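This report concerns only the one structure given below.
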Amino acid sequence: MDTKSTSEMDHKLLNASWPGKETDKPRGWVAATKERPLRIGIPNRATFVEYVTEDHGTHEIQGYCIDVFNASLRFVPYDVPHRFIPFGDGKSNPSYDELVRMVSEDVFDAAVGDITIITNRTRIADFTQPYAANGLVIVIPNRNSNSGAWVFLKPFTAEMWGVTAAFFLVIGLVIWILEHRINDDFRGPPRRQFITMILFSLSTLFKTNQVDTISTLGRMVMMVWLFVLMVITSSYTASLTSILTIQQLSSPITGMDSLIASNLPIGYQVGSFVGSYLTDSLNIAKSRLVVLESPEDYAEKLSLGPTNGGVAAVVDELPYVKLFLSDRKDFGIVGDMITKNGWGFVFKRGSPLAMDLSTAILRLSESEDLKKIGDKWFCKDGCEAGRHVSDPNQLHLDSFWGLFLLCGSVTLTALIIFLVKTVRQFVRYKKKQRDLMSQYSSATSSTRCAQAVYSFFDFIDEKEEAIKKMFKQYEDPPSIAV
Ligand code: GLY
């Protein structure tokens, strides 16, 4: 056959289609058949079920890890018939060491889930490349949570607030006594004097005194008071700044070293490798370890603290801790990541699937799909808001809404008082105007002004002094020639 006719034939041939409708040439190894699908063990998780679990209602196997596995399979150049077999009762997280051991003992052909790649396990089974990087972190209670509507009250104790408030009143009273006899601003009707006294005292805080002291004694008191205020306000500012910007974790545990050195109880997740890691690798006594069943258990034991039957810290993998912390502000991560691990899929020793799945995972992570799967499971309420790790130096509205609420309430109250007062004044004005109209049949020039019908908005636009003057005219009208 000459070269020309070969190329003509090539033109006519279609691409080869291999079993499983694959167009890539198979590599001569059949992973599984439809008759004997791959038996894949999956951890039937009871907590952090977003990662993997069996749905109690539909018995469907679902979760982030399952989606990653299925998406990776699309990059494997042959069909891999498989069935998922839940491992565990679904009431408590199963032992992951046990799951890996079952793969090595041919109970399962593979295991898919949030299975951490650790040395003990790689000795008995093959792992794929990690599809999720993580590590162990320490979680401790964060009792001095730096947010909260009333955080602005925290810099001072209740006594300090009390004494400061009392001093404002005392200084106002003393200045009034010292000034009353010589200063016109501190004279007048008792109500006005009382208001002047209070406002004078408060305005010293913002150095906006409308009224000046003129007595020598008064000035002397003011000088000392302003100095005290300066110290108090700068201390308040410094304290509030540190409360709002420094992560204040109230625990003797500051990292791995202090965790090991202390004799305090440590919690870890049931079924996880963390328990054996803490005892075998870090030589922490087994008696110090407390198995925790659920995130609620983490929160409860951390809140109780080591002296009340709780734990001083929880050690767990970052993905679980992120979920745990996502809706809890009273706990925080302390220190650096202790280990750097990853989650991978497990296969029997020598299975070429481990290699092919590794390549598939790499291709998946190079595409956008891996991120999309993460978003689907962990960013249901908007990814950016959920994932954003807040900068400790940023102040949030959470810490100030109490202040805004206070300010808004005062403003609203003032507005309501003003409106009520003005409406009452307007009603009174209209009544007087009607009385006057019925009293006099013909108007003089002075009453013509009074008879002018004001709309409410014209009325409130008018200077109050003019309105009062008008009332005076109504009450004491000029004599009219009839
Ligand atoms: N991610 C839990 C474990 O592998 O032990």
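Labels for the structure tokens follow display order: chains A, B, ..., residues from 1 in each chain, ligands from 1.
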
task: Residues within 7 Å of ligand 1 should be enumerated using only C-alpha atoms and all ligand atoms and returned as a PyMOL selection string.
output: chain A and resi 96-97+114-116+271-274

Go ahead and dump the residues you just picked, N, CA and C atoms, as a PDB file, in the first residue's frame.
ATOM      1  N   TYR A  96     -10.886   5.943  61.233  1.00  0.00           N
ATOM      2  CA  TYR A  96     -10.301   6.050  59.893  1.00  0.00           C
ATOM      3  C   TYR A  96      -9.141   5.070  59.732  1.00  0.00           C
ATOM      4  N   ASP A  97      -8.432   4.779  60.813  1.00  0.00           N
ATOM      5  CA  ASP A  97      -7.344   3.793  60.748  1.00  0.00           C
ATOM      6  C   ASP A  97      -7.920   2.438  60.350  1.00  0.00           C
ATOM      7  N   ASP A 114     -12.542  11.917  53.687  1.00  0.00           N
ATOM      8  CA  ASP A 114     -11.599  12.884  54.270  1.00  0.00           C
ATOM      9  C   ASP A 114     -10.521  12.113  55.032  1.00  0.00           C
ATOM     10  N   ILE A 115      -9.783  11.311  54.283  1.00  0.00           N
ATOM     11  CA  ILE A 115      -8.823  10.394  54.909  1.00  0.00           C
ATOM     12  C   ILE A 115      -7.432  11.025  54.860  1.00  0.00           C
ATOM     13  N   THR A 116      -6.881  11.244  56.018  1.00  0.00           N
ATOM     14  CA  THR A 116      -5.596  11.941  56.093  1.00  0.00           C
ATOM     15  C   THR A 116      -4.445  10.993  55.741  1.00  0.00           C
ATOM     16  N   GLY A 271     -12.571   8.899  66.190  1.00  0.00           N
ATOM     17  CA  GLY A 271     -12.283   8.224  64.926  1.00  0.00           C
ATOM     18  C   GLY A 271     -11.081   8.763  64.189  1.00  0.00           C
ATOM     19  N   SER A 272     -10.605   9.945  64.594  1.00  0.00           N
ATOM     20  CA  SER A 272      -9.519  10.598  63.868  1.00  0.00           C
ATOM     21  C   SER A 272      -8.159  10.019  64.292  1.00  0.00           C
ATOM     22  N   PHE A 273      -7.169  10.250  63.453  1.00  0.00           N
ATOM     23  CA  PHE A 273      -5.807   9.801  63.770  1.00  0.00           C
ATOM     24  C   PHE A 273      -5.173  10.657  64.868  1.00  0.00           C
ATOM     25  N   VAL A 274      -5.850  11.783  65.213  1.00  0.00           N
ATOM     26  CA  VAL A 274      -5.224  12.767  66.105  1.00  0.00           C
ATOM     27  C   VAL A 274      -4.859  12.162  67.461  1.00  0.00           C
TER      28      VAL A 274
END

- prompt: Counting only C-alpha atoms, what is within 12 Å of Phe426 of chain A, bar same-chain residues fewer than 6 positions away, as a count of residues only?
  reply: 19

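Backbone DSSP over segment 223-452 of chain A gives strand (DSSP E) for Ile266, Gly267, Tyr268, Gln269, Leu289, Val290, Val291, Leu292, Ala313, Val314, Val315, Asp316, Glu317, Phe331, Gly332, Ile333, Val334, Asn341, Gly342, Trp343, Gly344, Phe345, Val346 and Phe347 of chain A.
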
Take the residues just selected and output them with N, CA and C atoms as a PDB file, in the first residue's frame.
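Below is the file part33.pdb, written as the result:
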ATOM      1  N   ILE A 266      -6.767  17.429  76.857  1.00  0.00           N
ATOM      2  CA  ILE A 266      -6.860  17.865  75.446  1.00  0.00           C
ATOM      3  C   ILE A 266      -7.952  17.050  74.756  1.00  0.00           C
ATOM      4  N   GLY A 267      -8.808  17.707  74.003  1.00  0.00           N
ATOM      5  CA  GLY A 267      -9.875  17.006  73.278  1.00  0.00           C
ATOM      6  C   GLY A 267      -9.453  16.725  71.846  1.00  0.00           C
ATOM      7  N   TYR A 268      -9.966  15.646  71.298  1.00  0.00           N
ATOM      8  CA  TYR A 268      -9.743  15.353  69.875  1.00  0.00           C
ATOM      9  C   TYR A 268     -10.970  14.641  69.314  1.00  0.00           C
ATOM     10  N   GLN A 269     -11.104  14.647  67.989  1.00  0.00           N
ATOM     11  CA  GLN A 269     -12.310  14.124  67.337  1.00  0.00           C
ATOM     12  C   GLN A 269     -12.314  12.600  67.319  1.00  0.00           C
ATOM     13  N   LEU A 289      -6.045  12.723  77.261  1.00  0.00           N
ATOM     14  CA  LEU A 289      -6.849  12.867  76.038  1.00  0.00           C
ATOM     15  C   LEU A 289      -8.330  12.576  76.291  1.00  0.00           C
ATOM     16  N   VAL A 290      -9.165  13.420  75.707  1.00  0.00           N
ATOM     17  CA  VAL A 290     -10.620  13.278  75.852  1.00  0.00           C
ATOM     18  C   VAL A 290     -11.217  13.171  74.449  1.00  0.00           C
ATOM     19  N   VAL A 291     -11.960  12.089  74.211  1.00  0.00           N
ATOM     20  CA  VAL A 291     -12.576  11.909  72.883  1.00  0.00           C
ATOM     21  C   VAL A 291     -13.825  12.784  72.800  1.00  0.00           C
ATOM     22  N   LEU A 292     -13.952  13.552  71.744  1.00  0.00           N
ATOM     23  CA  LEU A 292     -15.122  14.431  71.585  1.00  0.00           C
ATOM     24  C   LEU A 292     -15.944  13.961  70.385  1.00  0.00           C
ATOM     25  N   ALA A 313      -7.872  22.538  75.538  1.00  0.00           N
ATOM     26  CA  ALA A 313      -7.734  22.807  74.102  1.00  0.00           C
ATOM     27  C   ALA A 313      -8.259  21.614  73.321  1.00  0.00           C
ATOM     28  N   VAL A 314      -8.597  21.874  72.069  1.00  0.00           N
ATOM     29  CA  VAL A 314      -8.975  20.785  71.162  1.00  0.00           C
ATOM     30  C   VAL A 314      -7.971  20.797  70.018  1.00  0.00           C
ATOM     31  N   VAL A 315      -7.463  19.617  69.688  1.00  0.00           N
ATOM     32  CA  VAL A 315      -6.556  19.527  68.538  1.00  0.00           C
ATOM     33  C   VAL A 315      -7.315  18.808  67.429  1.00  0.00           C
ATOM     34  N   ASP A 316      -7.384  19.459  66.273  1.00  0.00           N
ATOM     35  CA  ASP A 316      -8.102  18.827  65.155  1.00  0.00           C
ATOM     36  C   ASP A 316      -7.577  19.382  63.835  1.00  0.00           C
ATOM     37  N   GLU A 317      -8.019  18.771  62.753  1.00  0.00           N
ATOM     38  CA  GLU A 317      -7.565  19.213  61.438  1.00  0.00           C
ATOM     39  C   GLU A 317      -8.281  20.506  61.041  1.00  0.00           C
ATOM     40  N   PHE A 331     -14.336  30.973  70.371  1.00  0.00           N
ATOM     41  CA  PHE A 331     -13.179  30.092  70.323  1.00  0.00           C
ATOM     42  C   PHE A 331     -12.251  30.569  69.219  1.00  0.00           C
ATOM     43  N   GLY A 332     -10.988  30.222  69.362  1.00  0.00           N
ATOM     44  CA  GLY A 332     -10.046  30.671  68.340  1.00  0.00           C
ATOM     45  C   GLY A 332      -8.887  29.704  68.217  1.00  0.00           C
ATOM     46  N   ILE A 333      -8.168  29.846  67.104  1.00  0.00           N
ATOM     47  CA  ILE A 333      -6.987  29.003  66.864  1.00  0.00           C
ATOM     48  C   ILE A 333      -5.797  29.697  67.500  1.00  0.00           C
ATOM     49  N   VAL A 334      -4.958  28.931  68.164  1.00  0.00           N
ATOM     50  CA  VAL A 334      -3.764  29.531  68.757  1.00  0.00           C
ATOM     51  C   VAL A 334      -2.538  28.831  68.187  1.00  0.00           C
ATOM     52  N   ASN A 341      -0.586  18.093  56.539  1.00  0.00           N
ATOM     53  CA  ASN A 341      -1.038  16.844  55.929  1.00  0.00           C
ATOM     54  C   ASN A 341      -1.915  17.147  54.730  1.00  0.00           C
ATOM     55  N   GLY A 342      -2.527  16.100  54.238  1.00  0.00           N
ATOM     56  CA  GLY A 342      -3.495  16.281  53.164  1.00  0.00           C
ATOM     57  C   GLY A 342      -4.469  15.126  53.212  1.00  0.00           C
ATOM     58  N   TRP A 343      -5.561  15.305  52.516  1.00  0.00           N
ATOM     59  CA  TRP A 343      -6.539  14.212  52.413  1.00  0.00           C
ATOM     60  C   TRP A 343      -6.382  13.567  51.041  1.00  0.00           C
ATOM     61  N   GLY A 344      -6.413  12.229  51.017  1.00  0.00           N
ATOM     62  CA  GLY A 344      -6.307  11.535  49.736  1.00  0.00           C
ATOM     63  C   GLY A 344      -7.246  10.346  49.705  1.00  0.00           C
ATOM     64  N   PHE A 345      -7.342   9.704  48.525  1.00  0.00           N
ATOM     65  CA  PHE A 345      -8.152   8.491  48.402  1.00  0.00           C
ATOM     66  C   PHE A 345      -7.227   7.286  48.578  1.00  0.00           C
ATOM     67  N   VAL A 346      -7.769   6.216  49.142  1.00  0.00           N
ATOM     68  CA  VAL A 346      -6.942   5.052  49.487  1.00  0.00           C
ATOM     69  C   VAL A 346      -7.242   3.897  48.525  1.00  0.00           C
ATOM     70  N   PHE A 347      -6.162   3.228  48.103  1.00  0.00           N
ATOM     71  CA  PHE A 347      -6.327   2.046  47.248  1.00  0.00           C
ATOM     72  C   PHE A 347      -5.450   0.921  47.776  1.00  0.00           C
TER      73      PHE A 347
END

task: Apply DSSP to the structure's backbone, then extract all residues of segment 248-362 of chain A labelled helix (DSSP H, G or I) and return them as a PyMOL selection string.
output: chain A and resi 256-261+274-281+286-288+295-304+306-308+318-326+352-362

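With distances restricted to only C-alpha atoms, A:Ile140 is the closest residue to Gly305 of chain A from A:Leu153, A:Ile140, A:Pro94, A:Ile338.
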
Do you know which residues are at most 12 Å from Tyr64 of chain A counting only C-alpha atoms, after dropping those on the same chain fewer than 2 positions away, and could you put them as a PDB file with C-alpha atoms, in the first residue's frame?
ATOM      1  CA  PHE A  48     -19.000  17.559  59.823  1.00  0.00           C
ATOM      2  CA  VAL A  49     -21.189  15.654  57.377  1.00  0.00           C
ATOM      3  CA  GLU A  50     -20.483  18.186  54.650  1.00  0.00           C
ATOM      4  CA  TYR A  51     -17.325  16.189  53.907  1.00  0.00           C
ATOM      5  CA  VAL A  52     -18.875  12.753  53.448  1.00  0.00           C
ATOM      6  CA  THR A  53     -21.772  10.767  54.843  1.00  0.00           C
ATOM      7  CA  ILE A  61     -23.679   8.798  49.652  1.00  0.00           C
ATOM      8  CA  GLN A  62     -22.827  12.467  49.403  1.00  0.00           C
ATOM      9  CA  ILE A  66     -17.602  12.239  46.988  1.00  0.00           C
ATOM     10  CA  ASP A  67     -17.986  15.117  44.535  1.00  0.00           C
ATOM     11  CA  VAL A  68     -14.196  15.456  44.276  1.00  0.00           C
ATOM     12  CA  PHE A  69     -13.878  11.716  43.651  1.00  0.00           C
ATOM     13  CA  ASN A  70     -16.583  11.695  40.959  1.00  0.00           C
ATOM     14  CA  ALA A  71     -15.106  14.777  39.296  1.00  0.00           C
ATOM     15  CA  VAL A 112     -12.922   7.616  49.566  1.00  0.00           C
ATOM     16  CA  GLY A 113     -13.387  10.415  52.063  1.00  0.00           C
ATOM     17  CA  ASP A 114     -11.599  12.884  54.270  1.00  0.00           C
ATOM     18  CA  TYR A 131      -6.823  16.759  46.995  1.00  0.00           C
ATOM     19  CA  ALA A 132      -7.077  18.983  50.071  1.00  0.00           C
ATOM     20  CA  PRO A 319     -11.015  21.878  57.661  1.00  0.00           C
ATOM     21  CA  TRP A 343      -6.539  14.212  52.413  1.00  0.00           C
ATOM     22  CA  ASP A 369     -13.811  22.491  39.219  1.00  0.00           C
ATOM     23  CA  LEU A 370     -12.163  21.704  42.567  1.00  0.00           C
ATOM     24  CA  LYS A 371     -12.861  25.240  43.784  1.00  0.00           C
ATOM     25  CA  LYS A 372     -16.423  25.052  42.493  1.00  0.00           C
ATOM     26  CA  ILE A 373     -17.016  21.837  44.466  1.00  0.00           C
ATOM     27  CA  GLY A 374     -15.636  23.534  47.606  1.00  0.00           C
ATOM     28  CA  ASP A 375     -17.926  26.516  47.029  1.00  0.00           C
ATOM     29  CA  LYS A 376     -20.922  24.236  46.545  1.00  0.00           C
ATOM     30  CA  TRP A 377     -20.430  22.632  49.965  1.00  0.00           C
ATOM     31  CA  PHE A 378     -18.932  25.349  52.095  1.00  0.00           C
ATOM     32  CA  CYS A 379     -20.043  28.652  50.626  1.00  0.00           C
TER      33      CYS A 379
END

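Closest to Lys154 of chain A among A:Leu244, A:Phe418, A:Thr33, A:Glu366 is A:Leu244, based on only C-alpha atoms.
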
- request: Please measure the separation of atom CA of Thr58 of chain A and atom CA of Leu364 of chain A, giving the value in Å to one decimal.
  value: 28.2 Å

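In this structure, atom CA of Ala299 of chain A sits 14.5 Å away from atom CA of Pro265 of chain A.
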
message: Give me the residues near segment 223-233 of chain A as a list in words, where near means some atom within 7 Å (using only C-alpha atoms) and where sequence neighbours in that chain fewer than 4 positions away do not count.
response: Leu205, Arg219 and Thr237 of chain A

Please produce a file of the residues just selected, as a PDB file, in the first residue's frame, where the atoms kept are N, CA, C and O atoms.
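New file out-v2.pdb:
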ATOM      1  N   LEU A 205     -15.861  67.105  78.441  1.00  0.00           N
ATOM      2  CA  LEU A 205     -15.307  65.865  77.864  1.00  0.00           C
ATOM      3  C   LEU A 205     -14.868  66.092  76.424  1.00  0.00           C
ATOM      4  O   LEU A 205     -13.893  65.536  75.949  1.00  0.00           O
ATOM      5  N   ARG A 219     -11.721  78.353  87.580  1.00  0.00           N
ATOM      6  CA  ARG A 219     -10.698  78.031  86.568  1.00  0.00           C
ATOM      7  C   ARG A 219      -9.705  77.008  87.082  1.00  0.00           C
ATOM      8  O   ARG A 219      -9.250  76.133  86.343  1.00  0.00           O
ATOM      9  N   THR A 237      -9.017  55.233  75.383  1.00  0.00           N
ATOM     10  CA  THR A 237      -8.705  54.996  73.965  1.00  0.00           C
ATOM     11  C   THR A 237      -7.717  53.840  73.822  1.00  0.00           C
ATOM     12  O   THR A 237      -7.905  52.941  72.997  1.00  0.00           O
TER      13      THR A 237
END

- prompt: Within 8 Å of Ile361 of chain A, counting only C-alpha atoms, which residues qualify if same-chain residues fewer than 6 places away don't, as a VMD selection string?
  reply: chain A and resid 72 129 to 131

message: Need the shell around Pro306 of chain A: protein/DNA/RNA residues with any atom at most 7 Å away, counting only C-alpha atoms. Skip same-chain ones fewer than 5 positions apart. Format as a ChimeraX atom specification?
response: /A:264-265,311-312

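Atom CA of Asn142 of chain A lies 11.4 Å from atom CA of Ile253 of chain A.
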